[in-house]
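Enquirer: Next comes the structure file coords-v2.pdb, holding PDB, C-alpha atoms.
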ATOM      1  CA  MET A  88     127.321  64.168 110.484
ATOM      2  CA  GLY A  89     130.323  63.333 108.339
ATOM      3  CA  ALA A  90     131.406  60.630 110.775
ATOM      4  CA  ARG A  91     127.989  58.996 110.556
ATOM      5  CA  ILE A  92     128.132  58.985 106.754
ATOM      6  CA  LEU A  93     131.613  57.457 106.780
ATOM      7  CA  SER A  94     130.529  54.906 109.375
ATOM      8  CA  PHE A  95     127.544  53.982 107.217
ATOM      9  CA  LEU A  96     129.743  53.533 104.125
ATOM     10  CA  LEU A  97     132.283  51.496 106.097
ATOM     11  CA  GLY A  98     129.488  49.328 107.461
ATOM     12  CA  VAL A  99     128.073  48.678 103.990
ATOM     13  CA  MET A 100     131.511  47.790 102.618
ATOM     14  CA  LEU A 101     132.481  45.539 105.548
ATOM     15  CA  SER A 102     129.172  43.725 105.667
ATOM     16  CA  GLY A 103     129.264  43.165 101.897
ATOM     17  CA  LEU A 104     132.849  41.922 102.044
ATOM     18  CA  GLY A 105     132.029  39.676 104.996
ATOM     19  CA  TRP A 106     129.090  38.150 103.169
ATOM     20  CA  VAL A 107     131.179  37.545 100.024
ATOM     21  CA  ILE A 108     133.863  35.814 102.097
ATOM     22  CA  TYR A 109     131.298  33.791 104.054
ATOM     23  CA  ASP A 110     129.044  32.736 101.167
ATOM     24  CA  PRO A 111     130.235  33.781  97.687
ATOM     25  CA  LYS A 112     126.850  33.703  95.942
ATOM     26  CA  GLY A 113     125.818  36.769  94.028
ATOM     27  CA  PRO A 114     122.335  38.074  93.265
ATOM     28  CA  ALA A 115     119.982  35.558  91.631
ATOM     29  CA  GLY A 116     122.301  32.638  92.357
ATOM     30  CA  VAL A 117     125.206  33.886  90.214
ATOM     31  CA  LYS A 118     128.404  32.349  91.575
ATOM     32  CA  LEU A 119     131.061  34.940  92.372
ATOM     33  CA  PRO A 120     134.732  34.017  92.234
ATOM     34  CA  PRO A 121     135.872  33.198  95.790
ATOM     35  CA  ILE A 122     138.357  35.486  97.506
ATOM     36  CA  ASP A 123     141.628  33.610  98.066
ATOM     37  CA  LEU A 124     142.602  33.726 101.739
ATOM     38  CA  GLY A 125     145.860  31.797 101.388
ATOM     39  CA  LEU A 126     146.939  30.169 104.635
ATOM     40  CA  LEU A 127     143.760  31.333 106.360
ATOM     41  CA  GLU A 128     141.477  29.404 104.001
ATOM     42  CA  GLY A 129     140.455  27.032 106.788
ATOM     43  CA  HIS A 130     139.170  30.003 108.794
ATOM     44  CA  ARG A 131     136.952  31.365 106.002
ATOM     45  CA  LEU A 132     133.790  31.020 108.084
ATOM     46  CA  PHE A 133     135.176  32.959 111.070
ATOM     47  CA  ILE A 134     136.785  35.699 108.963
ATOM     48  CA  GLY A 135     133.607  36.187 106.944
ATOM     49  CA  LEU A 136     131.338  36.256 109.989
ATOM     50  CA  GLY A 137     133.749  38.591 111.816
ATOM     51  CA  ALA A 138     133.788  41.099 108.943
ATOM     52  CA  LEU A 139     130.014  40.778 108.613
ATOM     53  CA  ALA A 140     129.489  41.427 112.345
ATOM     54  CA  LEU A 141     131.876  44.400 112.306
ATOM     55  CA  GLY A 142     130.024  45.840 109.329
ATOM     56  CA  ILE A 143     126.671  45.433 111.066
ATOM     57  CA  VAL A 144     128.021  47.182 114.179
ATOM     58  CA  ALA A 145     129.302  50.068 112.039
ATOM     59  CA  LEU A 146     125.929  50.307 110.302
ATOM     60  CA  LEU A 147     124.054  50.323 113.605
ATOM     61  CA  SER A 148     126.327  52.987 115.086
ATOM     62  CA  ALA A 149     125.661  55.190 112.062
ATOM     63  CA  VAL A 150     121.904  54.686 111.986
ATOM     64  CA  LEU A 151     120.874  54.597 115.656
ATOM     65  CA  PRO A 152     120.390  57.882 117.544
ATOM     66  CA  LYS A 153     123.109  59.113 119.884
ATOM     67  CA  GLY A 154     121.000  58.874 123.029
ATOM     68  CA  ASP A 155     120.737  62.431 124.365
ATOM     69  CA  GLY A 156     119.129  61.325 127.604
ATOM     70  CA  PRO A 157     119.564  62.702 131.101
ATOM     71  CA  ARG A 158     122.973  61.052 131.436
ATOM     72  CA  ALA A 159     124.343  62.461 128.184
ATOM     73  CA  ARG A 160     125.662  65.669 129.763
ATOM     74  CA  ARG A 161     127.572  66.053 132.982
ATOM     75  CA  GLN A 162     125.826  68.026 135.661
ATOM     76  CA  GLY A 163     128.885  68.566 137.876
ATOM     77  CA  PRO A 164     131.553  71.270 137.737
ATOM     78  CA  PRO A 165     134.159  71.181 134.957
ATOM     79  CA  ALA A 166     137.205  69.016 135.562
ATOM     80  CA  VAL A 167     139.624  71.870 134.788
ATOM     81  CA  ASP A 168     138.936  75.529 135.537
ATOM     82  CA  PHE A 169     141.034  77.576 133.111
ATOM     83  CA  ASP A 170     139.875  80.885 134.598
ATOM     84  CA  ALA A 171     141.141  80.112 138.110
ATOM     85  CA  VAL A 172     143.731  82.348 139.775
ATOM     86  CA  VAL A 173     146.961  80.671 140.862
ATOM     87  CA  GLU A 174     147.519  80.939 144.600
ATOM     88  CA  GLU A 175     150.879  81.043 146.361
ATOM     89  CA  PRO A 176     151.793  77.919 148.339
ATOM     90  CA  ALA A 177     151.069  78.170 152.053
ATOM     91  CA  GLU A 178     154.199  76.318 153.210
ATOM     92  CA  ASP A 179     157.808  77.523 153.181
ATOM     93  CA  TYR A 180     159.427  74.118 152.720
ATOM     94  CA  GLY A 181     162.293  75.242 154.979
ATOM     95  CA  HIS A 182     163.474  78.272 152.927
ATOM     96  CA  ALA A 183     163.749  81.704 154.482
ATOM     97  CA  HIS A 184     162.073  84.488 152.534
ATOM     98  CA  ASP A 185     165.107  86.759 152.488
ATOM     99  CA  GLU A 186     167.550  84.082 151.286
ATOM    100  CA  PRO A 187     167.719  83.502 147.533
ATOM    101  CA  HIS A 188     167.113  79.969 146.373
ATOM    102  CA  VAL A 189     170.209  78.165 145.178
ATOM    103  CA  HIS A 190     169.618  76.518 141.805
ATOM    104  CA  SER A 191     172.084  74.439 139.891
ATOM    105  CA  THR A 192     172.939  75.824 136.468
ATOM    106  CA  SER A 193     173.740  72.406 135.065
ATOM    107  CA  GLY A 194     170.835  70.234 134.019
ATOM    108  CA  SER A 195     172.224  67.013 135.492
ATOM    109  CA  PRO A 196     172.528  66.061 139.162
ATOM    110  CA  ARG A 197     175.893  65.575 140.830
ATOM    111  CA  PRO A 198     177.169  61.998 140.636
ATOM    112  CA  SER A 199     177.071  60.024 143.843
ATOM    113  CA  ALA A 200     179.514  57.430 145.120
ATOM    114  CA  LEU A 201     177.090  54.665 144.170
ATOM    115  CA  TRP A 202     177.213  55.395 140.441
TER     116      TRP A 202
END
Go through the file and emit its structure as structure tokens.
Expert:
Amino acid sequence: MGARILSFLLGVMLSGLGWVIYDPKGPAGVKLPPIDLGLLEGHRLFIGLGALALGIVALLSAVLPKGDGPRARRQGPPAVDFDAVVEEPAEDYGHAHDEPHVHSTSGSPRPSALW
């Protein structure tokens, strides 16, 4: 609910800012001071329409329902089963059961002749 409210406020602000950049006319024909865009002044139309479109998308995402249709929830099994029991591996990988595994105590591998 909070995300929808913030999305609505962001949409109102972006669409208002986009309209002021695109056409700086206030209510009842009052001329607003134009926002200086510096080097991007030649792209005023595209920047204004882009901010206006982004604001409208944010407004629509806040206002429209989420769409809890038949595809909204997955019907299959969960991707990860946290209650599963860990099984022992079936293969030996060449080690005998009575021989202890030899592990290196150093964290780095031995250098080879190629290094």
Enquirer: Any chance you could work out the residue set of the PyMOL selection byres ((chain A and resi 138-144) around 8) here, as a list in words?
Expert: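 Taken over the shown coordinates, the PyMOL selection byres ((chain A and resi 138-144) around 8) returns Leu97, Gly98, Val99, Met100, Leu101, Ser102, Gly103, Leu104, Gly105, Trp106, Ile134, Gly135, Leu136, Gly137, Ala145, Leu146, Leu147 and Ser148 of chain A.
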Enquirer: Taking all atoms listed in the file into account, name the residue in A:Gly125, A:Ser94, A:Phe133, A:Met88 that is nearest to Ile108 in chain A.
Expert: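 Of the candidates, the smallest distance to Ile108 in chain A is held by A:Phe133.
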Enquirer: Tell me, in Å to one decimal, how far CA of Val107 in chain A is from CA of Gly89 in chain A.
Expert: 27.1 Å
Enquirer: How many Å separate CA of His130 in chain A from CA of Lys118 in chain A?
Expert: 20.4 Å
Enquirer: Calculate, to one decimal in Å, the centre and edge lengths of the box along x, y and z of the file that holds all listed atoms of range 137-155 of chain A with 6 Å of margin on each side, and present them as JSON.
Expert:
{"center_x": 127.1, "center_y": 50.5, "center_z": 116.5, "size_x": 25.4, "size_y": 35.8, "size_z": 27.8}
Enquirer: Enter the distance from CA of Lys153 in chain A to CA of Phe95 in chain A, in Å, rounded to one decimal.
Expert: 14.4 Å
Enquirer: Would you mind writing range 162-173 of chain A with N, CA and C atoms, as a PDB file, in the coordinates of the input?
Expert:
ATOM      1  N   GLN A 162     126.472  66.985 134.888  1.00  0.00           N
ATOM      2  CA  GLN A 162     125.826  68.026 135.661  1.00  0.00           C
ATOM      3  C   GLN A 162     126.787  68.663 136.658  1.00  0.00           C
ATOM      4  N   GLY A 163     127.945  68.076 136.891  1.00  0.00           N
ATOM      5  CA  GLY A 163     128.885  68.566 137.876  1.00  0.00           C
ATOM      6  C   GLY A 163     129.749  69.702 137.345  1.00  0.00           C
ATOM      7  N   PRO A 164     130.663  70.190 138.169  1.00  0.00           N
ATOM      8  CA  PRO A 164     131.553  71.270 137.737  1.00  0.00           C
ATOM      9  C   PRO A 164     132.557  70.757 136.706  1.00  0.00           C
ATOM     10  N   PRO A 165     133.172  71.635 135.943  1.00  0.00           N
ATOM     11  CA  PRO A 165     134.159  71.181 134.957  1.00  0.00           C
ATOM     12  C   PRO A 165     135.384  70.586 135.644  1.00  0.00           C
ATOM     13  N   ALA A 166     136.046  69.684 134.976  1.00  0.00           N
ATOM     14  CA  ALA A 166     137.205  69.016 135.562  1.00  0.00           C
ATOM     15  C   ALA A 166     138.387  69.966 135.697  1.00  0.00           C
ATOM     16  N   VAL A 167     138.529  70.908 134.761  1.00  0.00           N
ATOM     17  CA  VAL A 167     139.624  71.870 134.788  1.00  0.00           C
ATOM     18  C   VAL A 167     139.030  73.261 134.665  1.00  0.00           C
ATOM     19  N   ASP A 168     139.410  74.146 135.579  1.00  0.00           N
ATOM     20  CA  ASP A 168     138.936  75.529 135.537  1.00  0.00           C
ATOM     21  C   ASP A 168     140.073  76.392 135.001  1.00  0.00           C
ATOM     22  N   PHE A 169     139.975  76.801 133.739  1.00  0.00           N
ATOM     23  CA  PHE A 169     141.034  77.576 133.111  1.00  0.00           C
ATOM     24  C   PHE A 169     141.026  79.046 133.539  1.00  0.00           C
ATOM     25  N   ASP A 170     139.959  79.500 134.161  1.00  0.00           N
ATOM     26  CA  ASP A 170     139.875  80.885 134.598  1.00  0.00           C
ATOM     27  C   ASP A 170     140.302  81.074 136.048  1.00  0.00           C
ATOM     28  N   ALA A 171     140.775  80.030 136.696  1.00  0.00           N
ATOM     29  CA  ALA A 171     141.141  80.112 138.110  1.00  0.00           C
ATOM     30  C   ALA A 171     142.427  80.913 138.280  1.00  0.00           C
ATOM     31  N   VAL A 172     142.544  81.575 139.432  1.00  0.00           N
ATOM     32  CA  VAL A 172     143.731  82.348 139.775  1.00  0.00           C
ATOM     33  C   VAL A 172     144.679  81.440 140.548  1.00  0.00           C
ATOM     34  N   VAL A 173     145.967  81.500 140.202  1.00  0.00           N
ATOM     35  CA  VAL A 173     146.961  80.671 140.862  1.00  0.00           C
ATOM     36  C   VAL A 173     147.284  81.282 142.218  1.00  0.00           C
TER      37      VAL A 173
END
